[in-house]
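Chemist: Structure file structure_36.cif (mmCIF, C-alpha atoms and all ligand atoms) is given on the next line.
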```
data_protein
loop_
_atom_site.label_atom_id
_atom_site.label_comp_id
_atom_site.auth_asym_id
_atom_site.auth_seq_id
_atom_site.Cartn_x
_atom_site.Cartn_y
_atom_site.Cartn_z
CA MET A 1 4.59 4.21 -110.28
CA LYS A 2 7.40 1.64 -110.48
CA GLN A 3 7.05 -1.40 -108.22
CA VAL A 4 10.29 -1.80 -106.25
CA VAL A 5 11.45 -5.19 -104.96
CA ILE A 6 14.06 -6.44 -102.55
CA SER A 7 15.81 -8.93 -104.83
CA GLY A 8 18.86 -9.84 -102.78
CA THR A 9 20.42 -9.61 -99.33
CA GLY A 10 23.87 -10.37 -97.93
CA LEU A 11 25.45 -10.76 -94.51
CA TYR A 12 29.00 -10.39 -93.23
CA THR A 13 29.51 -12.04 -89.83
CA PRO A 14 32.84 -11.51 -88.03
CA SER A 15 34.78 -14.69 -87.22
CA HIS A 16 35.07 -13.98 -83.46
CA SER A 17 32.19 -14.69 -81.08
CA ILE A 18 32.04 -13.86 -77.37
CA SER A 19 29.73 -15.79 -75.04
CA ASN A 20 28.06 -14.14 -72.05
CA ASP A 21 30.30 -16.15 -69.72
CA GLU A 22 33.47 -14.90 -71.43
CA LEU A 23 32.25 -11.29 -71.41
CA VAL A 24 31.18 -11.45 -67.77
CA ALA A 25 34.50 -13.04 -66.70
CA ALA A 26 36.42 -10.11 -68.26
CA PHE A 27 34.02 -7.55 -66.78
CA ASN A 28 34.19 -9.09 -63.31
CA ALA A 29 38.00 -9.21 -63.44
CA TYR A 30 37.94 -5.47 -64.23
CA VAL A 31 35.51 -4.87 -61.32
CA ASP A 32 37.64 -6.88 -58.87
CA ASP A 33 40.74 -4.99 -59.95
CA PHE A 34 38.97 -1.62 -59.63
CA ASN A 35 37.60 -2.44 -56.19
CA GLU A 36 40.99 -3.71 -54.99
CA THR A 37 42.85 -0.67 -56.34
CA ASN A 38 40.31 1.70 -54.74
CA LYS A 39 39.86 -0.31 -51.56
CA ALA A 40 40.78 2.51 -49.17
CA ALA A 41 38.62 5.10 -50.94
CA ILE A 42 35.70 2.66 -51.10
CA GLU A 43 36.02 1.98 -47.36
CA ALA A 44 36.21 5.74 -46.70
CA GLY A 45 33.02 6.21 -48.74
CA SER A 46 34.55 8.56 -51.33
CA VAL A 47 34.45 5.99 -54.17
CA GLN A 48 31.58 3.63 -54.88
CA ALA A 49 32.43 -0.04 -55.28
CA LEU A 50 31.53 -1.52 -58.65
CA ALA A 51 29.08 -4.45 -58.82
CA GLN A 52 29.72 -7.63 -60.78
CA SER A 53 27.81 -8.58 -63.91
CA SER A 54 26.07 -11.92 -64.44
CA SER A 55 25.37 -14.15 -67.46
CA ALA A 56 22.03 -15.18 -65.99
CA PHE A 57 20.93 -11.52 -65.77
CA ILE A 58 22.05 -10.79 -69.32
CA GLU A 59 20.14 -13.68 -70.86
CA LYS A 60 17.02 -13.04 -68.78
CA ALA A 61 16.96 -9.26 -69.34
CA SER A 62 17.86 -9.29 -73.04
CA GLY A 63 17.71 -12.77 -74.59
CA ILE A 64 21.34 -12.36 -75.70
CA LYS A 65 23.62 -15.40 -75.35
CA SER A 66 26.62 -14.33 -77.46
CA ARG A 67 27.75 -11.72 -79.97
CA PHE A 68 30.06 -11.60 -82.99
CA VAL A 69 32.85 -9.01 -82.89
CA ILE A 70 35.64 -7.79 -85.14
CA ASP A 71 38.18 -8.32 -82.35
CA LYS A 72 37.77 -10.47 -79.27
CA ALA A 73 41.15 -10.13 -77.54
CA GLY A 74 40.98 -6.39 -76.83
CA ILE A 75 37.43 -6.57 -75.51
CA LEU A 76 38.19 -9.47 -73.16
CA ASP A 77 41.40 -7.92 -71.79
CA PRO A 78 40.27 -6.47 -68.41
CA LYS A 79 43.01 -3.84 -68.66
CA ARG A 80 41.76 -2.64 -72.07
CA MET A 81 38.10 -3.58 -72.77
CA THR A 82 38.20 -2.05 -76.23
CA PRO A 83 38.65 -3.94 -79.50
CA TYR A 84 41.99 -3.78 -81.29
CA ILE A 85 41.26 -2.42 -84.76
CA ALA A 86 44.46 -1.14 -86.31
CA GLU A 87 44.48 2.06 -88.32
CA ARG A 88 45.04 1.46 -92.02
CA SER A 89 46.82 3.49 -94.63
CA ASN A 90 44.72 5.54 -97.03
CA ASP A 91 45.69 3.11 -99.77
CA GLU A 92 43.98 0.17 -98.05
CA HIS A 93 40.25 -0.51 -97.90
CA SER A 94 38.75 0.77 -94.66
CA ILE A 95 37.28 -1.90 -92.41
CA GLN A 96 33.70 -0.72 -93.03
CA CYS A 97 34.41 -0.91 -96.76
CA GLU A 98 35.81 -4.42 -96.37
CA MET A 99 32.75 -5.66 -94.45
CA SER A 100 30.47 -4.01 -96.99
CA ILE A 101 32.18 -5.70 -99.94
CA VAL A 102 31.57 -9.18 -98.47
CA ALA A 103 27.88 -8.50 -97.80
CA ALA A 104 27.42 -6.70 -101.14
CA LYS A 105 28.83 -9.59 -103.19
CA GLN A 106 26.42 -12.03 -101.52
CA ALA A 107 23.47 -9.72 -102.13
CA LEU A 108 24.40 -9.19 -105.78
CA GLN A 109 24.75 -12.92 -106.31
CA GLN A 110 21.38 -13.59 -104.72
CA ALA A 111 19.78 -10.91 -106.90
CA GLY A 112 21.44 -12.30 -110.04
CA LYS A 113 23.03 -8.90 -110.69
CA THR A 114 26.53 -7.63 -111.42
CA VAL A 115 28.08 -4.37 -110.32
CA ASP A 116 27.24 -2.99 -113.80
CA ASP A 117 23.54 -3.18 -112.93
CA VAL A 118 23.92 -1.02 -109.78
CA ASP A 119 23.95 2.77 -110.08
CA MET A 120 23.49 3.93 -106.48
CA VAL A 121 25.14 2.90 -103.20
CA ILE A 122 23.96 3.89 -99.73
CA VAL A 123 25.97 3.15 -96.59
CA ALA A 124 23.50 3.54 -93.72
CA CYS A 125 24.67 2.83 -90.17
CA SER A 126 24.97 4.11 -86.60
CA ASN A 127 28.61 5.14 -86.75
CA LEU A 128 30.93 5.96 -89.62
CA GLN A 129 34.62 5.49 -89.06
CA ARG A 130 35.62 8.83 -90.54
CA ALA A 131 34.12 12.16 -91.47
CA TYR A 132 34.98 11.97 -95.17
CA PRO A 133 35.27 10.86 -97.89
CA ALA A 134 32.00 8.95 -97.59
CA VAL A 135 32.47 5.22 -96.98
CA ALA A 136 29.76 4.63 -99.60
CA VAL A 137 31.93 6.27 -102.28
CA GLU A 138 34.84 4.06 -101.24
CA VAL A 139 32.65 0.93 -101.51
CA GLN A 140 31.27 2.11 -104.85
CA THR A 141 34.79 2.49 -106.25
CA ALA A 142 36.10 -0.72 -104.67
CA LEU A 143 33.30 -2.67 -106.37
CA GLY A 144 33.56 -0.79 -109.67
CA ILE A 145 30.05 0.70 -109.58
CA GLN A 146 29.16 3.70 -111.74
CA GLY A 147 26.70 6.38 -110.60
CA PHE A 148 26.67 7.88 -107.11
CA ALA A 149 26.91 6.98 -103.43
CA TYR A 150 26.37 8.56 -100.04
CA ASP A 151 26.40 7.80 -96.31
CA MET A 152 23.52 8.29 -93.92
CA ASN A 153 22.98 7.74 -90.20
CA VAL A 154 19.69 7.20 -88.40
CA ALA A 155 21.18 4.94 -85.69
CA CYS A 156 19.38 1.58 -85.42
CA SER A 157 16.83 2.63 -88.03
CA SER A 158 19.44 3.39 -90.68
CA ALA A 159 18.55 0.35 -92.82
CA THR A 160 14.82 0.99 -93.09
CA PHE A 161 15.46 4.69 -93.74
CA GLY A 162 18.04 3.60 -96.33
CA ILE A 163 15.47 1.31 -97.97
CA GLN A 164 13.01 4.21 -98.26
CA SER A 165 15.75 6.40 -99.80
CA GLY A 166 16.49 3.65 -102.33
CA VAL A 167 12.82 3.11 -103.16
CA ASN A 168 12.31 6.85 -103.63
CA ALA A 169 15.34 7.08 -105.95
CA ILE A 170 14.12 4.20 -108.13
CA GLN A 171 10.56 5.52 -108.29
CA ALA A 172 11.79 9.05 -109.08
CA GLY A 173 14.02 7.70 -111.85
CA SER A 174 17.35 8.80 -110.34
CA ALA A 175 18.52 5.18 -109.94
CA ARG A 176 17.73 1.78 -111.47
CA CYS A 177 19.26 -0.53 -108.90
CA VAL A 178 20.38 0.40 -105.38
CA LEU A 179 22.88 -1.33 -103.09
CA MET A 180 22.11 -0.41 -99.47
CA LEU A 181 24.70 -1.42 -96.83
CA ASN A 182 24.83 -1.45 -93.02
CA PRO A 183 28.39 -1.97 -91.73
CA GLU A 184 27.95 -1.86 -87.96
CA ILE A 185 30.99 -2.01 -85.65
CA CYS A 186 29.04 -1.47 -82.44
CA SER A 187 31.88 -2.90 -80.31
CA SER A 188 33.98 0.18 -81.02
CA HIS A 189 31.46 2.54 -79.45
CA LEU A 190 30.26 0.34 -76.61
CA ASN A 191 31.52 1.00 -73.08
CA PHE A 192 32.56 -2.49 -71.97
CA ARG A 193 33.13 -1.10 -68.44
CA ASP A 194 29.44 -0.19 -68.07
CA ARG A 195 27.56 -2.99 -66.29
CA ASP A 196 24.19 -1.82 -67.60
CA SER A 197 25.12 -2.04 -71.27
CA HIS A 198 28.39 -3.99 -71.75
CA PHE A 199 26.50 -7.01 -73.11
CA ILE A 200 24.14 -5.31 -75.54
CA PHE A 201 25.93 -5.01 -78.90
CA GLY A 202 27.72 -7.01 -81.57
CA ASP A 203 29.22 -6.37 -85.02
CA ALA A 204 27.91 -7.34 -88.49
CA CYS A 205 27.21 -5.91 -91.92
CA THR A 206 24.14 -6.41 -94.09
CA ALA A 207 23.44 -5.58 -97.72
CA VAL A 208 20.15 -5.13 -99.59
CA ILE A 209 19.55 -4.89 -103.36
CA LEU A 210 16.55 -2.79 -104.39
CA GLU A 211 15.37 -2.56 -107.98
CA ASP A 212 12.44 -2.09 -110.33
CA SER A 213 10.44 -5.35 -110.35
CA GLU A 214 10.42 -5.34 -114.15
CA GLN A 215 14.16 -5.91 -114.29
CA ALA A 216 14.43 -8.31 -111.29
CA VAL A 217 15.48 -11.93 -111.95
CA SER A 218 16.06 -13.27 -108.42
CA SER A 219 14.30 -16.47 -107.33
CA VAL A 220 13.43 -14.83 -103.97
CA GLN A 221 11.83 -11.41 -104.34
CA TYR A 222 9.64 -9.31 -102.11
CA ASN A 223 7.54 -6.43 -103.41
CA ILE A 224 7.82 -3.35 -101.22
CA LEU A 225 4.22 -2.30 -100.64
CA GLY A 226 5.10 0.72 -98.53
CA THR A 227 7.64 2.35 -96.23
CA LYS A 228 6.81 4.48 -93.20
CA LEU A 229 9.28 6.47 -91.10
CA GLN A 230 8.89 8.27 -87.80
CA THR A 231 11.27 10.27 -85.60
CA VAL A 232 10.73 11.77 -82.14
CA PHE A 233 13.65 13.40 -80.32
CA SER A 234 14.86 11.67 -77.15
CA ASN A 235 18.03 11.79 -75.02
CA ASN A 236 17.43 8.26 -73.73
CA ILE A 237 19.88 6.75 -76.25
CA ARG A 238 22.81 9.02 -76.96
CA ASN A 239 26.45 9.16 -78.00
CA ASN A 240 28.19 12.55 -77.85
CA ALA A 241 31.31 11.55 -79.81
CA GLY A 242 31.90 14.08 -82.57
CA PHE A 243 34.14 16.51 -84.32
CA LEU A 244 33.65 19.24 -81.69
CA ASN A 245 34.98 17.04 -78.85
CA ARG A 246 38.54 18.37 -79.15
CA CYS A 247 37.27 21.93 -78.74
CA ASP A 248 36.56 21.28 -75.05
CA GLU A 249 39.26 19.10 -73.52
CA SER A 250 37.26 18.67 -70.29
CA GLY A 251 34.88 16.28 -72.05
CA LEU A 252 37.49 14.04 -73.68
CA GLY A 253 37.31 10.40 -72.57
CA LYS A 254 34.06 10.86 -70.62
CA PRO A 255 31.49 8.00 -70.79
CA ASP A 256 29.06 10.08 -72.86
CA LYS A 257 31.48 9.87 -75.81
CA LEU A 258 30.41 6.22 -76.09
CA PHE A 259 26.93 4.65 -76.17
CA ILE A 260 24.76 5.54 -73.17
CA GLN A 261 21.10 4.80 -72.62
CA ASN A 262 18.29 4.68 -70.14
CA GLY A 263 17.26 1.16 -71.14
CA ARG A 264 14.11 0.97 -69.04
CA LYS A 265 12.70 4.20 -70.47
CA VAL A 266 13.62 3.16 -74.00
CA PHE A 267 11.78 -0.10 -73.48
CA LYS A 268 8.65 1.56 -72.11
CA GLU A 269 8.48 4.42 -74.58
CA VAL A 270 9.51 2.73 -77.81
CA CYS A 271 7.49 -0.53 -77.69
CA PRO A 272 4.03 1.12 -77.90
CA MET A 273 5.24 3.54 -80.60
CA VAL A 274 6.52 0.67 -82.73
CA ALA A 275 3.42 -1.49 -82.31
CA THR A 276 1.18 1.46 -83.22
CA GLN A 277 3.29 2.32 -86.25
CA ILE A 278 3.19 -1.24 -87.63
CA SER A 279 -0.58 -1.53 -87.04
CA GLU A 280 -1.29 1.84 -88.67
CA HIS A 281 1.02 1.07 -91.57
CA LEU A 282 -0.73 -2.26 -92.22
CA GLU A 283 -4.10 -0.52 -92.09
CA GLU A 284 -2.98 2.15 -94.56
CA LEU A 285 -2.07 -0.64 -96.99
CA SER A 286 -5.31 -2.58 -96.30
CA VAL A 287 -3.39 -5.55 -94.89
CA SER A 288 -4.92 -7.05 -91.74
CA SER A 289 -2.71 -8.30 -88.92
CA ASP A 290 -4.17 -11.79 -89.56
CA GLN A 291 -2.55 -11.67 -92.99
CA LEU A 292 0.89 -10.89 -91.57
CA SER A 293 3.08 -13.99 -91.83
CA ARG A 294 6.36 -12.57 -90.58
CA MET A 295 7.80 -9.70 -88.53
CA TRP A 296 11.52 -9.15 -89.09
CA LEU A 297 11.97 -6.87 -86.09
CA HIS A 298 14.94 -4.85 -84.88
CA GLN A 299 17.01 -7.12 -82.67
CA ALA A 300 17.67 -5.25 -79.42
CA ASN A 301 15.81 -7.17 -76.76
CA LEU A 302 13.73 -10.37 -76.86
CA SER A 303 11.04 -9.11 -74.47
CA MET A 304 10.65 -5.95 -76.56
CA ASN A 305 10.03 -8.02 -79.68
CA GLN A 306 7.61 -10.34 -77.89
CA LEU A 307 5.65 -7.34 -76.60
CA ILE A 308 5.55 -5.58 -79.98
CA SER A 309 4.53 -8.68 -81.94
CA LYS A 310 1.83 -9.49 -79.36
CA ARG A 311 0.37 -5.98 -79.64
CA VAL A 312 0.34 -6.13 -83.43
CA LEU A 313 -1.08 -9.64 -83.76
CA GLY A 314 -3.40 -9.50 -80.73
CA ARG A 315 -1.87 -12.78 -79.51
CA THR A 316 1.54 -14.22 -78.69
CA ALA A 317 3.59 -14.65 -81.86
CA GLU A 318 4.87 -18.11 -82.79
CA THR A 319 8.68 -18.30 -82.93
CA HIS A 320 8.66 -18.48 -86.75
CA GLU A 321 6.43 -15.37 -87.00
CA ALA A 322 8.99 -13.09 -85.31
CA PRO A 323 12.39 -14.73 -85.82
CA VAL A 324 15.10 -14.09 -83.24
CA ILE A 325 18.76 -13.62 -84.17
CA LEU A 326 19.79 -11.46 -81.21
CA ASP A 327 20.52 -14.60 -79.19
CA SER A 328 23.71 -15.17 -81.20
CA TYR A 329 24.31 -11.69 -82.77
CA ALA A 330 23.14 -9.38 -79.92
CA ASN A 331 22.05 -5.91 -81.04
CA THR A 332 23.79 -5.13 -84.32
CA SER A 333 22.00 -1.80 -84.60
CA SER A 334 20.70 -1.19 -88.16
CA ALA A 335 21.84 -4.62 -89.37
CA GLY A 336 19.57 -6.53 -86.94
CA SER A 337 16.22 -6.55 -88.73
CA ILE A 338 18.00 -7.17 -92.05
CA ILE A 339 19.88 -10.16 -90.60
CA ALA A 340 16.51 -11.56 -89.44
CA TYR A 341 15.11 -10.98 -92.96
CA HIS A 342 18.20 -12.41 -94.67
CA LEU A 343 18.13 -15.63 -92.63
CA HIS A 344 14.34 -16.10 -92.46
CA LYS A 345 12.80 -14.99 -95.75
CA GLU A 346 12.92 -18.03 -98.02
CA ASP A 347 10.22 -20.21 -96.49
CA LEU A 348 7.24 -17.87 -96.98
CA ASN A 349 4.81 -18.55 -99.84
CA SER A 350 4.09 -16.31 -102.78
CA GLY A 351 1.56 -13.66 -101.67
CA ASP A 352 2.54 -13.81 -97.99
CA TYR A 353 2.97 -10.49 -96.20
CA GLY A 354 5.75 -9.45 -93.84
CA VAL A 355 7.15 -6.36 -92.17
CA ILE A 356 10.75 -5.32 -91.67
CA CYS A 357 10.81 -2.91 -88.72
CA SER A 358 13.64 -1.08 -86.98
CA PHE A 359 13.65 1.21 -83.96
CA GLY A 360 16.25 2.95 -81.87
CA ALA A 361 18.08 6.16 -81.13
CA GLY A 362 16.48 9.38 -82.25
CA TYR A 363 13.96 7.95 -81.45
CA SER A 364 13.61 6.60 -84.95
CA ILE A 365 11.21 3.97 -86.26
CA GLY A 366 11.01 2.57 -89.79
CA SER A 367 8.62 -0.04 -91.17
CA VAL A 368 8.75 -1.65 -94.60
CA ILE A 369 5.71 -3.78 -95.55
CA VAL A 370 6.56 -6.43 -98.13
CA GLN A 371 4.77 -9.20 -100.04
CA LYS A 372 6.53 -12.25 -101.43
CA CYS A 373 6.44 -12.40 -105.23
N1 LIG B 1 24.46 -7.94 -64.37
C1 LIG B 1 23.68 -8.13 -63.27
N2 LIG B 1 22.74 -7.26 -62.87
C2 LIG B 1 22.58 -6.16 -63.61
C3 LIG B 1 23.35 -5.89 -64.75
C4 LIG B 1 24.33 -6.84 -65.12
N3 LIG B 1 25.09 -6.70 -66.21
N4 LIG B 1 22.95 -4.72 -65.29
C5 LIG B 1 21.97 -4.23 -64.52
N5 LIG B 1 21.75 -5.11 -63.48
C6 LIG B 1 20.78 -4.98 -62.40
C7 LIG B 1 20.45 -3.52 -62.11
O1 LIG B 1 21.37 -2.96 -61.22
C8 LIG B 1 19.06 -3.62 -61.52
O2 LIG B 1 19.17 -3.96 -60.17
P1 LIG B 1 18.12 -3.35 -59.08
O3 LIG B 1 16.78 -3.91 -59.48
O4 LIG B 1 18.64 -3.89 -57.79
O5 LIG B 1 18.19 -1.86 -59.23
C9 LIG B 1 18.44 -4.81 -62.24
O6 LIG B 1 19.54 -5.56 -62.77
C10 LIG B 1 17.52 -4.41 -63.36
O7 LIG B 1 18.18 -3.43 -64.20
P2 LIG B 1 17.45 -2.74 -65.41
O8 LIG B 1 16.15 -2.16 -64.94
O9 LIG B 1 18.40 -1.81 -66.08
O10 LIG B 1 17.22 -4.00 -66.35
P3 LIG B 1 16.16 -4.20 -67.50
O11 LIG B 1 15.32 -5.34 -67.13
O12 LIG B 1 15.50 -2.93 -67.93
O13 LIG B 1 17.10 -4.68 -68.71
C11 LIG B 1 18.04 -3.74 -70.73
C12 LIG B 1 18.11 -3.81 -69.22
C13 LIG B 1 18.41 -5.12 -71.27
C14 LIG B 1 19.04 -2.72 -71.20
C15 LIG B 1 16.63 -3.38 -71.21
O14 LIG B 1 16.15 -2.25 -70.51
C16 LIG B 1 16.55 -3.07 -72.69
O15 LIG B 1 16.89 -3.86 -73.53
N6 LIG B 1 16.03 -1.90 -73.04
C17 LIG B 1 15.89 -1.47 -74.42
C18 LIG B 1 17.21 -1.12 -74.94
C19 LIG B 1 17.16 -0.72 -76.38
O16 LIG B 1 16.46 -1.24 -77.18
N7 LIG B 1 17.98 0.22 -76.71
C20 LIG B 1 18.10 0.63 -78.02
C21 LIG B 1 19.51 0.94 -78.20
S1 LIG B 1 20.00 0.54 -79.73
C22 LIG B 1 20.17 1.93 -80.74
O17 LIG B 1 19.35 2.77 -80.88
C23 LIG B 1 21.42 1.97 -81.44
C24 LIG B 1 22.23 3.13 -81.05
C25 LIG B 1 23.48 3.10 -81.83
C26 LIG B 1 24.29 1.86 -81.67
C27 LIG B 1 25.29 1.96 -80.61
C28 LIG B 1 26.28 0.85 -80.66
C29 LIG B 1 27.19 0.78 -79.44
#
```
Have the structure of the file written as structure tokens, please.

Modeler:
Amino acid sequence: MKQVVISGTGLYTPSHSISNDELVAAFNAYVDDFNETNKAAIEAGSVQALAQSSSAFIEKASGIKSRFVIDKAGILDPKRMTPYIAERSNDEHSIQCEMSIVAAKQALQQAGKTVDDVDMVIVACSNLQRAYPAVAVEVQTALGIQGFAYDMNVACSSATFGIQSGVNAIQAGSARCVLMLNPEICSSHLNFRDRDSHFIFGDACTAVILEDSEQAVSSVQYNILGTKLQTVFSNNIRNNAGFLNRCDESGLGKPDKLFIQNGRKVFKEVCPMVATQISEHLEELSVSSDQLSRMWLHQANLSMNQLISKRVLGRTAETHEAPVILDSYANTSSAGSIIAYHLHKEDLNSGDYGVICSFGAGYSIGSVIVQKC
């Protein structure tokens, strides 16, 4: 069996960042306007007044302080609260392709590879900007890669599921070197008028190079010891946007065509599942939790990560053991655990063990146990 390594990663970060205070100011202006406009109906009891948001709540409940976004102006306009992302002609690169190219070039450089070495491209993310042609095929062609490419979607777990697909392809002999990308534009499917979730997401794109260890030349490589995936159906995180929407006009524009969740239930149900999966996965690979130097966890909520790492380690994790990037990136869906890995992978020693773990809608959970070469 071929030993597959992660030999390079890349990260595209949008140039705009929104602080909690900025986001809350826009949200509260929208709330004030709504309540003023509907004053009579609110007083008559036929419309419910909206409640204001608060930066203090956001940071306490989630650990998020700011988020990067493709467009700031549209989100912070209380009359709009949706990013401005202009449509492009079919002759231009799509925005997900553009983000992917930046992250891919970094990952290739880190891996010491050129596009000629890559023969498979996976674009794995929560939302694809069009039905077809696959964004992955567009990226493949834009970069000049031979071979084949496809898109896949497993919500927040898309990257770990994408890693397993890449590992399988290399071990089966259908690919030599895989470029796996996660272009997440969460701001375009977040309801910025929803107090419960308007602060949760940000935008980013990550890239991962997977290849046979025998051909890898990178100075920072991690052997993939095993991948483990799990899915259990749940309606607690859902987005009903889709190609059938226009077939029933009554549903158009309703909140369920954007991200909706029951955050409390997600928290309670997913944390134990994730901790159990990581512990069982380590055991299957005969790695004890004492040997685990790093947990690059999905970046949705700080308390979630503290709870999961505590259950796995049997003690509170040190900051460096479970690095946090959600404070400045928020939840970037599938990109989150890869951003944590990308920014916090160099300082481990040869032989050290780590786990990349994602979890989210589906429910879906993916763990990738790695060892530094
Ligand atoms: N400001 C002030 N107060 C607020 C606000 C606000 N913005 N929002 C809620 N409150 C109030 C509530 O009204 C409530 O008040 P009361 O106690 O009087 O009823 C109180 O604060 C507590 O509310 P919650 O119970 O909702 O707060 P929590 O402590 O549970 O925190 C969280 C909310 C942060 C959402 C938390 O539950 C959480 O993080 N849960 C896990 C979420 C998660 O991980 N989801 C995964 C989704 S990611 C995924 O799978 C990707 C999908 C695809 C990507 C989509 C991109 C858009």

Chemist: Once you count all atoms listed in the file, which residues end up within 6 Å of ligand LIG 1 (chain B), and could you hand them over as a list of chain:residue names?

Modeler: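 Result of the 6 Å neighbour search around ligand LIG 1 (chain B): A:Ser53, A:Ser54, A:Phe57, A:Ile58, A:Ala61, A:Ser62, A:Ser126, A:Ala155, A:Cys156, A:Cys186, A:His189, A:Leu190, A:Arg195, A:Asp196, A:Phe201, A:Phe259, A:Gly263, A:Arg264, A:Val266, A:Phe267, A:Ala300, A:Asn301, A:Ser333, A:Gly360, A:Ala361.
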
Chemist: Which residues, written as JSON, numbers by chain, have at least one atom at most 12 Å from Asn305 in chain A, with only C-alpha atoms counted and residues fewer than 5 positions away on the same chain left out?

Modeler: {"A": [62, 63, 267, 270, 271, 272, 274, 275, 295, 296, 297, 298, 299, 300, 310, 311, 312, 313, 316, 317, 318, 319, 321, 322, 323, 324, 325, 326, 337, 357, 358, 359]}

Chemist: Quick one: distance from CA of Cys247 in chain A to CA of Ala131 in chain A in Å, one decimal?

Modeler: 16.4 Å

Chemist: Could you give me, as number ranges by chain, the residues that have an atom at most 12 Å away from the point (29.3, -10.5, -102.3) in the coordinates of the file, using all atoms listed in the file?

Modeler: A: 8-12, 98-115, 139, 143, 179, 181, 205-209

Chemist: Keeping only C-alpha atoms, take the residues you just selected and write them out as a JSON list (two decimals), in the coordinates of the input.

Modeler:
```json
[["chain", "number", "residue", "atom", "x", "y", "z"],
["A", 8, "GLY", "CA", 18.86, -9.84, -102.78],
["A", 9, "THR", "CA", 20.42, -9.61, -99.33],
["A", 10, "GLY", "CA", 23.87, -10.37, -97.93],
["A", 11, "LEU", "CA", 25.45, -10.76, -94.51],
["A", 12, "TYR", "CA", 29.00, -10.39, -93.23],
["A", 98, "GLU", "CA", 35.81, -4.42, -96.37],
["A", 99, "MET", "CA", 32.75, -5.66, -94.45],
["A", 100, "SER", "CA", 30.47, -4.01, -96.99],
["A", 101, "ILE", "CA", 32.18, -5.70, -99.94],
["A", 102, "VAL", "CA", 31.57, -9.18, -98.47],
["A", 103, "ALA", "CA", 27.88, -8.50, -97.80],
["A", 104, "ALA", "CA", 27.42, -6.70, -101.14],
["A", 105, "LYS", "CA", 28.83, -9.59, -103.19],
["A", 106, "GLN", "CA", 26.42, -12.03, -101.52],
["A", 107, "ALA", "CA", 23.47, -9.72, -102.13],
["A", 108, "LEU", "CA", 24.40, -9.19, -105.78],
["A", 109, "GLN", "CA", 24.75, -12.92, -106.31],
["A", 110, "GLN", "CA", 21.38, -13.59, -104.72],
["A", 111, "ALA", "CA", 19.78, -10.91, -106.90],
["A", 112, "GLY", "CA", 21.44, -12.30, -110.04],
["A", 113, "LYS", "CA", 23.03, -8.90, -110.69],
["A", 114, "THR", "CA", 26.53, -7.63, -111.42],
["A", 115, "VAL", "CA", 28.08, -4.37, -110.32],
["A", 139, "VAL", "CA", 32.65, 0.93, -101.51],
["A", 143, "LEU", "CA", 33.30, -2.67, -106.37],
["A", 179, "LEU", "CA", 22.88, -1.33, -103.09],
["A", 181, "LEU", "CA", 24.70, -1.42, -96.83],
["A", 205, "CYS", "CA", 27.21, -5.91, -91.92],
["A", 206, "THR", "CA", 24.14, -6.41, -94.09],
["A", 207, "ALA", "CA", 23.44, -5.58, -97.72],
["A", 208, "VAL", "CA", 20.15, -5.13, -99.59],
["A", 209, "ILE", "CA", 19.55, -4.89, -103.36]]
```

Chemist: Could you work out how far CA of Leu229 in chain A lies from CA of Glu280 in chain A, giving the answer in Å with one decimal?

Modeler: 11.8 Å

Chemist: Can you tell me which residues surround Ser289 in chain A at a distance of at most 9 Å, considering only C-alpha atoms, apart from same-chain residues fewer than 3 positions away, and format the answer as a list in words?

Modeler: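 Within the cut-off, the hits are Ser279, Leu282, Glu283, Leu292, Ser293, Val312, Leu313 and Gly314 of chain A.
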
Chemist: Counting only C-alpha atoms, what is within 12 Å of range 30-34 of chain A, bar same-chain residues fewer than 4 positions away, as a PDB file with C-alpha atoms, in the frame of the given file?

Modeler:
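Result saved to part.pdb:
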```pdb
ATOM      1  CA  LEU A  23      32.250 -11.290 -71.410  1.00  0.00           C
ATOM      2  CA  VAL A  24      31.180 -11.450 -67.770  1.00  0.00           C
ATOM      3  CA  ALA A  25      34.500 -13.040 -66.700  1.00  0.00           C
ATOM      4  CA  ALA A  26      36.420 -10.110 -68.260  1.00  0.00           C
ATOM      5  CA  ASN A  38      40.310   1.700 -54.740  1.00  0.00           C
ATOM      6  CA  LYS A  39      39.860  -0.310 -51.560  1.00  0.00           C
ATOM      7  CA  ALA A  40      40.780   2.510 -49.170  1.00  0.00           C
ATOM      8  CA  ALA A  41      38.620   5.100 -50.940  1.00  0.00           C
ATOM      9  CA  ILE A  42      35.700   2.660 -51.100  1.00  0.00           C
ATOM     10  CA  VAL A  47      34.450   5.990 -54.170  1.00  0.00           C
ATOM     11  CA  GLN A  48      31.580   3.630 -54.880  1.00  0.00           C
ATOM     12  CA  ALA A  49      32.430  -0.040 -55.280  1.00  0.00           C
ATOM     13  CA  LEU A  50      31.530  -1.520 -58.650  1.00  0.00           C
ATOM     14  CA  ALA A  51      29.080  -4.450 -58.820  1.00  0.00           C
ATOM     15  CA  GLN A  52      29.720  -7.630 -60.780  1.00  0.00           C
ATOM     16  CA  SER A  53      27.810  -8.580 -63.910  1.00  0.00           C
ATOM     17  CA  ILE A  75      37.430  -6.570 -75.510  1.00  0.00           C
ATOM     18  CA  LEU A  76      38.190  -9.470 -73.160  1.00  0.00           C
ATOM     19  CA  ASP A  77      41.400  -7.920 -71.790  1.00  0.00           C
ATOM     20  CA  PRO A  78      40.270  -6.470 -68.410  1.00  0.00           C
ATOM     21  CA  LYS A  79      43.010  -3.840 -68.660  1.00  0.00           C
ATOM     22  CA  ARG A  80      41.760  -2.640 -72.070  1.00  0.00           C
ATOM     23  CA  MET A  81      38.100  -3.580 -72.770  1.00  0.00           C
ATOM     24  CA  PHE A 192      32.560  -2.490 -71.970  1.00  0.00           C
ATOM     25  CA  ARG A 193      33.130  -1.100 -68.440  1.00  0.00           C
ATOM     26  CA  ASP A 194      29.440  -0.190 -68.070  1.00  0.00           C
ATOM     27  CA  ARG A 195      27.560  -2.990 -66.290  1.00  0.00           C
TER      28      ARG A 195
END
```
